[in-house]
Amino acid sequence: MGSTESPITTPPGGIAPKSLTPADIVVLVVYFVVVLAVGLWSMWRTKRGTVNGYFLAGKDMTWWPVGASLFASNVGSGHFIGLAGSGAAAGIGAVAYEWNGLLMVLLLGWLYLPIYVASGVTTMPEYLQKRFGGKRIQLFIAVLYLFIYIFTKISVDMYAGAVFIQLALQWNIYLAVVVLLSITALYTVAGGLAAVIYTDAVQTLIMLGGALTLMGFSFAEVGGWQALLDRYSSAIPSIRAPNSTCGIPRDDAFHLFRHPVTSDLPWPGVLVGMTIPSMWYWCTDQVIVQRSLAAKNLVHAKGGSLLAAYLKVLPFFIMVLPGMISRILFPDEVACADPELCKEVCGNPVGCSDIAYAKLVMQLLPNGLRGLMMAVMLAALMSSLTSIFNSSSTIFTMDLWRHIRKQASEWELMIVGRVFVLVLVVVSVLWIPLVQASQGGQLFIYIQAISTYLQPPVSVVFIAGCFWKRTNEKGAFWGLLVGLIIGCVRMILDFVYPTPLCYEEDTRPAVVKYVHYLYFSVILSAITAIIVVCVSLATEKPLPEQIRGLTWFSRYEGLKGRGETPHTDTEAPEAKESPEKHGNGDSSNGAMREQRRDSACTHSSVSSGSRLKRTCLWLCGLEKPHEGQGLSAPPPPAATIDSLEEDRCMRAVVDANLIVCLSVAVFLIAYWA
């Protein structure tokens, strides 16, 4: 999905008559061996001892790992549980988030990324600091991003994955989480972004292979496509509350565009209100943008966006439809409508639709394949967690720590970045009890609220900064501040007045009862935009340096001013004298960097005198620099792509694929509208 995650519940205690067999355990062991092997391989081949090497993967990623990492970073374990649960409960409506994200990731590659490349930034708060000046917006956004990462993404994906592990292995949930986080932190701390991206590529293959396998078993069990269309509307539990809509499938279950007033996903809100938070996630979120900026050039970055967009078609088939099939096969459990029965089935009186995917895995798959699906869930969990860990570490180190310690050396930044990952691991474990307490519909409200009420003001500020030269710091700051305050007020109201169950009377205030959260997203965006425009026009114009190379219309000006070679690796400042482009000069620059790295490693071995210490330093990519080297503050982090220039032939290829991808998206949306 885009910026919005799906709900999860407590561990479904009554759905695991089968347990993992030795064949399943073997598959899981092979999975862990493969992932760790890929992580270690990526550690060997990348330079992890510099800011660029650790946070930006050496600026040398091709299109396919970038695209696979974009998809894997987005699709967490909460996706499998939540999207399938949404399909079981309400039909295909939730896939609108996926196909909206398909369009937004293309928007990133063709509109936003050229601006970020021209500006020479590595984090999104850093872009706002360059565009508007001052420090308050940069620090504000950095703290907000970390808050969103910790309190939504980490907690939801971690807990959803732990539910699956607890279901299959019968482990204590804390033990399950600690084991997972330990493996995840190992190659995230040691390998940096390169290890994360390469392991994401492997995780994507595992996720798609396992999910497509389960989809095949599901359709075979239900009787095919036509059986799904015919039988879903009659998948009603035998026990439900009388004289209510509880347990009855929606009439519009197979439609994306639903009634604008009475439906759960009104079509105007889907078109506009869903797009704005989704634009924040795909075009301005550090987790996503950082992967695109790690590409070796703009064509590869666009190719990565295209691959991710094509892959975003699949969740409809591998998650939503199997969830609907699960309701057909197990209506009394997946679609239970009696609070007492639901509490017996899954421990949650609100409903048990979120056990839909786990139910299919444990009931339909033979020995060995259940282990494969466990690997799929682990892949989804670990890929999303590693992405969040690395991006959070980047923001904390480059935007907050550099502000606190302006003269921090590169060595210090490397240590701080790795330590912050460990801090996030500890926070993740401590956060489990709160996530456990927020079960079912409450957690859904929690996630929807965070995304819909906090992200639109940020999206509007980025849109104004990227595409309107007149936007200044005062307009952006006050628009952001007022928008977030209004969003927080509505979010608190949603917590205080939760959505009533199907048999309960709705006594919520009118602003909560009648203003759908997608409509509120539109209203909030409009208010923020009006404040940004009015305050910007009423105050001074931004300085020329706050425009040059920092908007869509001035993106080439910044590159001309820097001679089309805006930044180079912080490890090789003398490379600035080379007129060669990134693609031509990479091997020579890489040789010089490798030579210096070897000498630094030799110096470390001489000075430390401890093999254990040397091993630990190498494992973390922290070879000690030469005396006097690294003691001064490093230069600003380098831009990940050196130029906006594109090979004419390859540009034609990606542009043609853009047209094909957009055509596929339009067809799918129109067919299911």
# chains A, B, ... in the order shown; residues from 1 in each chain; ligands from 1
call {"tool": "residues_around", "arguments": {"residues": "region 334-342 of chain A", "least_positions_apart": "3", "cutoff": "9 Å", "atoms": "only C-alpha atoms", "output": "PyMOL selection string"}}
result
chain A and resi 85+88-89+235-241+246-249+326-331+345-356+359+502
call {"tool": "residues_around", "arguments": {"residues": "Phe316 (chain A)", "least_positions_apart": "5", "cutoff": "9 Å", "atoms": "only C-alpha atoms", "output": "list in words"}}
result
Leu83, Ile92, Ala94, Val95, Glu98, Trp99, Leu321 and Pro322 of chain A
call {"tool": "write_last_selection", "arguments": {"atoms": "N, CA and C atoms", "output": "short mmCIF file (atom, residue, chain, number, x, y, z; two decimals), in the first residue's frame"}}
result
data_model
loop_
_atom_site.label_atom_id
_atom_site.label_comp_id
_atom_site.auth_asym_id
_atom_site.auth_seq_id
_atom_site.Cartn_x
_atom_site.Cartn_y
_atom_site.Cartn_z
N LEU A 83 -3.89 -6.68 4.25
CA LEU A 83 -4.57 -6.63 2.96
C LEU A 83 -5.49 -7.83 2.78
N ILE A 92 -12.42 -5.76 -2.49
CA ILE A 92 -11.18 -5.33 -3.14
C ILE A 92 -10.84 -3.87 -2.89
N ALA A 94 -9.45 -2.09 -0.63
CA ALA A 94 -8.15 -1.71 -0.09
C ALA A 94 -7.05 -1.71 -1.13
N VAL A 95 -7.25 -2.41 -2.27
CA VAL A 95 -6.20 -2.44 -3.29
C VAL A 95 -6.03 -1.07 -3.94
N GLU A 98 -2.78 0.26 -3.16
CA GLU A 98 -1.67 -0.31 -3.92
C GLU A 98 -1.54 0.34 -5.28
N TRP A 99 -2.64 0.47 -5.98
CA TRP A 99 -2.58 1.01 -7.34
C TRP A 99 -2.38 2.52 -7.33
N LEU A 321 -7.16 -11.10 -3.07
CA LEU A 321 -8.02 -12.19 -3.54
C LEU A 321 -7.90 -13.44 -2.65
N PRO A 322 -6.69 -13.86 -2.23
CA PRO A 322 -6.64 -14.98 -1.28
C PRO A 322 -7.38 -14.70 0.02
#
call {"tool": "atom_distance", "arguments": {"atom1": "CA of Met362 (chain A)", "atom2": "CA of His255 (chain A)"}}
result
29.3 Å
call {"tool": "closest_residue", "arguments": {"among": "A:Leu480, A:Ile388, A:Ala408, A:Ile183", "to": "Asp285 (chain A)", "atoms": "only C-alpha atoms"}}
result
A:Ile388
call {"tool": "select_by_dssp", "arguments": {"residues": "region 106-334 of chain A", "states": "alpha helix (DSSP H)", "output": "ChimeraX atom specification"}}
result
/A:106-107,113-119,124-132,136-148,155-169,173-222,225-231,267-268,275-279,286-293,298-311,315,321-329,331-334
call {"tool": "atom_distance", "arguments": {"atom1": "CA of Val33 (chain A)", "atom2": "CA of Trp171 (chain A)"}}
result
20.6 Å
call {"tool": "closest_residue", "arguments": {"among": "A:Cys466, A:Val272, A:Gln286, A:Tyr503", "to": "Val522 (chain A)", "atoms": "only C-alpha atoms"}}
result
A:Val272
call {"tool": "residues_around", "arguments": {"residues": "Val419 (chain A)", "least_positions_apart": "3", "cutoff": "12 Å", "atoms": "only C-alpha atoms", "output": "list in words"}}
result
Ala185, Leu186, Thr188, Val189, Ala190, Phe389, Asn390, Ser392, Ser393, Thr394, Phe396, Thr397, Glu412, Leu413, Met414, Ile415, Val416, Leu422, Val423, Leu424, Val425, Val426 and Cys620 of chain A
call {"tool": "write_last_selection", "arguments": {"atoms": "N, CA and C atoms", "output": "short mmCIF file (atom, residue, chain, number, x, y, z; two decimals), in the first residue's frame"}}
result
data_model
loop_
_atom_site.label_atom_id
_atom_site.label_comp_id
_atom_site.auth_asym_id
_atom_site.auth_seq_id
_atom_site.Cartn_x
_atom_site.Cartn_y
_atom_site.Cartn_z
N ALA A 185 19.37 -6.74 12.59
CA ALA A 185 20.33 -5.71 12.97
C ALA A 185 21.74 -6.08 12.55
N LEU A 186 22.05 -7.38 12.46
CA LEU A 186 23.40 -7.81 12.15
C LEU A 186 23.87 -7.24 10.82
N THR A 188 22.23 -5.03 8.94
CA THR A 188 21.93 -3.60 8.80
C THR A 188 23.06 -2.76 9.41
N VAL A 189 23.48 -3.12 10.62
CA VAL A 189 24.56 -2.39 11.27
C VAL A 189 25.87 -2.57 10.51
N ALA A 190 26.15 -3.81 10.10
CA ALA A 190 27.44 -4.10 9.49
C ALA A 190 27.51 -3.64 8.04
N PHE A 389 15.19 0.84 9.60
CA PHE A 389 16.36 1.03 10.46
C PHE A 389 17.41 1.88 9.77
N ASN A 390 17.73 1.54 8.52
CA ASN A 390 18.79 2.26 7.81
C ASN A 390 18.41 3.71 7.54
N SER A 392 16.12 5.55 9.15
CA SER A 392 16.04 6.28 10.42
C SER A 392 17.43 6.65 10.90
N SER A 393 18.37 5.71 10.77
CA SER A 393 19.75 5.99 11.15
C SER A 393 20.33 7.13 10.33
N THR A 394 20.01 7.15 9.03
CA THR A 394 20.50 8.22 8.15
C THR A 394 19.97 9.57 8.59
N PHE A 396 18.74 10.47 11.57
CA PHE A 396 19.25 10.86 12.88
C PHE A 396 20.70 11.35 12.78
N THR A 397 21.51 10.62 12.02
CA THR A 397 22.93 10.97 11.94
C THR A 397 23.17 12.25 11.16
N GLU A 412 33.08 9.37 13.65
CA GLU A 412 32.03 9.53 14.65
C GLU A 412 30.65 9.31 14.04
N LEU A 413 30.43 9.84 12.84
CA LEU A 413 29.14 9.66 12.19
C LEU A 413 28.86 8.19 11.90
N MET A 414 29.90 7.45 11.51
CA MET A 414 29.74 6.02 11.25
C MET A 414 29.31 5.27 12.52
N ILE A 415 29.95 5.61 13.63
CA ILE A 415 29.61 4.96 14.90
C ILE A 415 28.20 5.32 15.33
N VAL A 416 27.86 6.61 15.26
CA VAL A 416 26.54 7.06 15.67
C VAL A 416 25.45 6.38 14.83
N LEU A 422 20.92 0.06 16.77
CA LEU A 422 20.76 -0.77 17.96
C LEU A 422 19.73 -0.16 18.92
N VAL A 423 19.72 1.16 19.03
CA VAL A 423 18.72 1.83 19.86
C VAL A 423 17.31 1.54 19.33
N LEU A 424 17.14 1.59 18.00
CA LEU A 424 15.84 1.30 17.42
C LEU A 424 15.40 -0.13 17.71
N VAL A 425 16.35 -1.06 17.71
CA VAL A 425 16.04 -2.45 18.03
C VAL A 425 15.47 -2.55 19.44
N VAL A 426 16.11 -1.88 20.40
CA VAL A 426 15.64 -1.91 21.78
C VAL A 426 14.25 -1.28 21.89
N CYS A 620 31.97 -4.26 11.19
CA CYS A 620 31.11 -3.07 11.20
C CYS A 620 31.54 -2.04 10.15
#
call {"tool": "atom_distance", "arguments": {"atom1": "CA of Phe140 (chain A)", "atom2": "CA of Pro125 (chain A)"}}
result
8.3 Å
call {"tool": "residues_around", "arguments": {"residues": "Met373 (chain A)", "least_positions_apart": "5", "cutoff": "12 Å", "atoms": "only C-alpha atoms", "output": "number ranges by chain"}}
result
A: 20, 24-25, 27-28, 31, 77, 80, 161, 164-165, 168, 206-215, 357-362, 364-368, 378-380
call {"tool": "write_last_selection", "arguments": {"atoms": "N, CA, C and O atoms", "output": "short mmCIF file (atom, residue, chain, number, x, y, z; two decimals), in the first residue's frame"}}
result
data_model
loop_
_atom_site.label_atom_id
_atom_site.label_comp_id
_atom_site.auth_asym_id
_atom_site.auth_seq_id
_atom_site.Cartn_x
_atom_site.Cartn_y
_atom_site.Cartn_z
N LEU A 20 4.62 -26.75 12.23
CA LEU A 20 5.69 -26.91 11.26
C LEU A 20 6.35 -28.28 11.41
O LEU A 20 6.64 -28.74 12.51
N ASP A 24 9.46 -28.17 6.89
CA ASP A 24 9.26 -26.73 7.02
C ASP A 24 10.46 -26.06 7.70
O ASP A 24 10.91 -24.98 7.28
N ILE A 25 10.97 -26.71 8.74
CA ILE A 25 12.12 -26.15 9.47
C ILE A 25 13.34 -26.07 8.56
O ILE A 25 14.08 -25.09 8.58
N VAL A 27 13.34 -25.66 5.30
CA VAL A 27 13.13 -24.51 4.40
C VAL A 27 13.47 -23.20 5.11
O VAL A 27 14.12 -22.32 4.54
N LEU A 28 13.04 -23.06 6.36
CA LEU A 28 13.33 -21.85 7.13
C LEU A 28 14.82 -21.68 7.34
O LEU A 28 15.37 -20.56 7.21
N TYR A 31 16.41 -20.53 4.22
CA TYR A 31 16.11 -19.11 4.02
C TYR A 31 17.06 -18.22 4.80
O TYR A 31 17.64 -17.27 4.26
N SER A 77 5.19 -7.35 6.62
CA SER A 77 4.34 -8.46 7.04
C SER A 77 2.92 -7.99 7.35
O SER A 77 1.96 -8.75 7.20
N PHE A 80 0.62 -8.49 4.27
CA PHE A 80 0.03 -9.80 4.02
C PHE A 80 -1.17 -10.04 4.94
O PHE A 80 -2.24 -10.50 4.49
N GLY A 161 4.60 -9.82 11.95
CA GLY A 161 5.49 -10.94 11.72
C GLY A 161 5.59 -11.84 12.93
O GLY A 161 5.62 -13.08 12.82
N PHE A 164 2.76 -14.33 13.20
CA PHE A 164 2.92 -15.50 12.35
C PHE A 164 3.90 -16.50 12.96
O PHE A 164 3.69 -17.71 12.93
N ILE A 165 4.98 -15.99 13.52
CA ILE A 165 5.98 -16.87 14.13
C ILE A 165 5.41 -17.58 15.34
O ILE A 165 5.60 -18.78 15.55
N ALA A 168 3.13 -20.43 14.18
CA ALA A 168 3.73 -21.62 13.59
C ALA A 168 4.70 -22.32 14.53
O ALA A 168 4.75 -23.55 14.58
N ILE A 206 11.68 -14.21 -2.79
CA ILE A 206 11.07 -15.18 -1.87
C ILE A 206 9.60 -14.84 -1.63
O ILE A 206 8.73 -15.72 -1.66
N MET A 207 9.31 -13.56 -1.41
CA MET A 207 7.93 -13.14 -1.16
C MET A 207 7.03 -13.48 -2.35
O MET A 207 5.94 -14.04 -2.19
N LEU A 208 7.48 -13.13 -3.55
CA LEU A 208 6.65 -13.36 -4.73
C LEU A 208 6.47 -14.84 -5.00
O LEU A 208 5.37 -15.30 -5.32
N GLY A 209 7.56 -15.62 -4.85
CA GLY A 209 7.45 -17.06 -5.09
C GLY A 209 6.48 -17.73 -4.13
O GLY A 209 5.60 -18.51 -4.54
N GLY A 210 6.60 -17.42 -2.85
CA GLY A 210 5.71 -18.03 -1.86
C GLY A 210 4.28 -17.56 -1.99
O GLY A 210 3.34 -18.37 -1.92
N ALA A 211 4.09 -16.26 -2.20
CA ALA A 211 2.73 -15.72 -2.29
C ALA A 211 2.01 -16.22 -3.53
O ALA A 211 0.80 -16.51 -3.49
N LEU A 212 2.71 -16.33 -4.65
CA LEU A 212 2.09 -16.87 -5.87
C LEU A 212 1.72 -18.34 -5.68
O LEU A 212 0.70 -18.81 -6.19
N THR A 213 2.56 -19.07 -4.95
CA THR A 213 2.25 -20.48 -4.66
C THR A 213 0.96 -20.60 -3.85
O THR A 213 0.07 -21.41 -4.18
N LEU A 214 0.84 -19.81 -2.80
CA LEU A 214 -0.38 -19.85 -1.99
C LEU A 214 -1.60 -19.42 -2.79
O LEU A 214 -2.69 -19.98 -2.64
N MET A 215 -1.43 -18.43 -3.67
CA MET A 215 -2.54 -18.00 -4.51
C MET A 215 -3.03 -19.15 -5.38
O MET A 215 -4.24 -19.37 -5.54
N TYR A 357 -5.18 -14.77 6.05
CA TYR A 357 -3.99 -15.26 5.36
C TYR A 357 -3.34 -16.40 6.13
O TYR A 357 -2.96 -17.43 5.55
N ALA A 358 -3.23 -16.24 7.43
CA ALA A 358 -2.64 -17.30 8.25
C ALA A 358 -3.47 -18.58 8.17
O ALA A 358 -2.92 -19.69 8.18
N LYS A 359 -4.78 -18.44 8.08
CA LYS A 359 -5.67 -19.60 7.98
C LYS A 359 -5.39 -20.39 6.71
O LYS A 359 -5.31 -21.62 6.73
N LEU A 360 -5.20 -19.68 5.59
CA LEU A 360 -4.89 -20.35 4.33
C LEU A 360 -3.55 -21.09 4.42
O LEU A 360 -3.42 -22.23 3.96
N VAL A 361 -2.56 -20.43 4.99
CA VAL A 361 -1.23 -21.02 5.09
C VAL A 361 -1.27 -22.32 5.88
O VAL A 361 -0.73 -23.36 5.45
N MET A 362 -1.91 -22.28 7.03
CA MET A 362 -1.86 -23.44 7.92
C MET A 362 -2.81 -24.56 7.50
O MET A 362 -2.61 -25.72 7.86
N LEU A 364 -4.12 -25.05 3.98
CA LEU A 364 -4.07 -25.51 2.59
C LEU A 364 -2.72 -26.06 2.17
O LEU A 364 -2.66 -26.94 1.31
N LEU A 365 -1.64 -25.53 2.72
CA LEU A 365 -0.33 -25.86 2.20
C LEU A 365 0.20 -27.17 2.78
O LEU A 365 0.02 -27.45 3.97
N PRO A 366 0.90 -27.97 1.96
CA PRO A 366 1.50 -29.21 2.45
C PRO A 366 2.82 -28.95 3.17
O PRO A 366 3.30 -27.80 3.22
N ASN A 367 3.42 -30.00 3.71
CA ASN A 367 4.70 -29.88 4.40
C ASN A 367 5.75 -29.27 3.47
O ASN A 367 5.80 -29.58 2.29
N GLY A 368 6.59 -28.44 4.01
CA GLY A 368 7.62 -27.78 3.22
C GLY A 368 7.16 -26.43 2.73
O GLY A 368 7.85 -25.42 2.88
N LEU A 378 8.70 -13.78 7.04
CA LEU A 378 9.94 -13.27 7.61
C LEU A 378 10.62 -12.32 6.64
O LEU A 378 11.21 -11.31 7.03
N ALA A 379 10.57 -12.66 5.34
CA ALA A 379 11.17 -11.79 4.32
C ALA A 379 10.48 -10.43 4.32
O ALA A 379 11.13 -9.38 4.24
N ALA A 380 9.13 -10.45 4.39
CA ALA A 380 8.39 -9.19 4.41
C ALA A 380 8.74 -8.37 5.64
O ALA A 380 8.94 -7.15 5.57
#
call {"tool": "closest_residue", "arguments": {"among": "A:Val66, A:Ile137, A:Ala160, A:Val178", "to": "Gly475 (chain A)", "atoms": "only C-alpha atoms"}}
result
A:Ile137
call {"tool": "residues_around", "arguments": {"residues": "Gly91 (chain A)", "least_positions_apart": "2", "cutoff": "6 Å", "atoms": "only C-alpha atoms", "output": "PyMOL selection string"}}
result
chain A and resi 87+93+253-254
call {"tool": "write_last_selection", "arguments": {"atoms": "C-alpha atoms", "output": "CSV table (one decimal), in the first residue's frame"}}
result
chain,number,residue,atom,x,y,z
A,87,GLY,CA,-10.2,-8.4,1.3
A,93,GLY,CA,-11.5,-1.7,-2.0
A,253,ALA,CA,-17.2,-5.8,-2.6
A,254,PHE,CA,-15.9,-6.0,-6.2
call {"tool": "closest_atom_pairs", "arguments": {"of": "region 80-164 of chain A", "to": "region 643-662 of chain A", "cutoff": "9 Å", "atoms": "only C-alpha atoms", "output": "JSON lines"}}
result
{"residue": "A:Leu102", "atom": "CA", "partner": "A:Leu662", "partner_atom": "CA", "distance": 8.7}
{"residue": "A:Leu103", "atom": "CA", "partner": "A:Leu662", "partner_atom": "CA", "distance": 7.4}
{"residue": "A:Leu106", "atom": "CA", "partner": "A:Leu658", "partner_atom": "CA", "distance": 7.7}
{"residue": "A:Pro114", "atom": "CA", "partner": "A:Leu644", "partner_atom": "CA", "distance": 6.6}
{"residue": "A:Val117", "atom": "CA", "partner": "A:Leu644", "partner_atom": "CA", "distance": 7.2}
{"residue": "A:Ala118", "atom": "CA", "partner": "A:Leu644", "partner_atom": "CA", "distance": 7.2}
call {"tool": "write_last_selection", "arguments": {"atoms": "all heavy atoms", "output": "CSV table (one decimal), in the first residue's frame"}}
result
chain,number,residue,atom,x,y,z
A,102,LEU,N,1.2,2.7,-7.1
A,102,LEU,CA,1.8,2.4,-8.4
A,102,LEU,C,2.1,3.7,-9.2
A,102,LEU,O,3.1,4.0,-9.8
A,102,LEU,CB,0.9,1.5,-9.2
A,102,LEU,CG,1.3,1.0,-10.6
A,102,LEU,CD1,0.5,-0.3,-10.9
A,102,LEU,CD2,1.1,2.0,-11.7
A,103,LEU,N,1.1,4.6,-9.2
A,103,LEU,CA,1.2,5.9,-9.9
A,103,LEU,C,2.2,6.8,-9.2
A,103,LEU,O,2.9,7.5,-9.8
A,103,LEU,CB,-0.2,6.5,-10.0
A,103,LEU,CG,-1.3,5.7,-10.7
A,103,LEU,CD1,-2.6,6.4,-10.6
A,103,LEU,CD2,-0.9,5.6,-12.2
A,106,LEU,N,5.9,6.2,-9.8
A,106,LEU,CA,6.3,6.7,-11.1
A,106,LEU,C,6.5,8.3,-11.1
A,106,LEU,O,7.4,8.8,-11.7
A,106,LEU,CB,5.3,6.4,-12.2
A,106,LEU,CG,5.1,4.9,-12.5
A,106,LEU,CD1,4.0,4.7,-13.4
A,106,LEU,CD2,6.4,4.3,-13.0
A,114,PRO,N,14.5,14.1,-10.2
A,114,PRO,CA,15.4,15.1,-10.8
A,114,PRO,C,15.7,16.3,-9.9
A,114,PRO,O,16.8,16.8,-9.9
A,114,PRO,CB,14.7,15.5,-12.1
A,114,PRO,CG,13.8,14.3,-12.4
A,114,PRO,CD,13.4,13.7,-11.1
A,117,VAL,N,18.1,15.2,-7.1
A,117,VAL,CA,19.5,15.0,-7.7
A,117,VAL,C,20.1,16.3,-7.9
A,117,VAL,O,21.3,16.6,-7.6
A,117,VAL,CB,19.4,14.2,-9.0
A,117,VAL,CG1,20.7,14.2,-9.8
A,117,VAL,CG2,18.9,12.8,-8.8
A,118,ALA,N,19.4,17.3,-8.5
A,118,ALA,CA,19.9,18.6,-8.8
A,118,ALA,C,20.3,19.3,-7.5
A,118,ALA,O,21.3,20.1,-7.5
A,118,ALA,CB,18.9,19.4,-9.6
call {"tool": "closest_residue", "arguments": {"among": "A:Tyr97, A:Thr62, A:Arg250, A:Tyr198", "to": "Trp41 (chain A)", "atoms": "only C-alpha atoms"}}
result
A:Tyr198
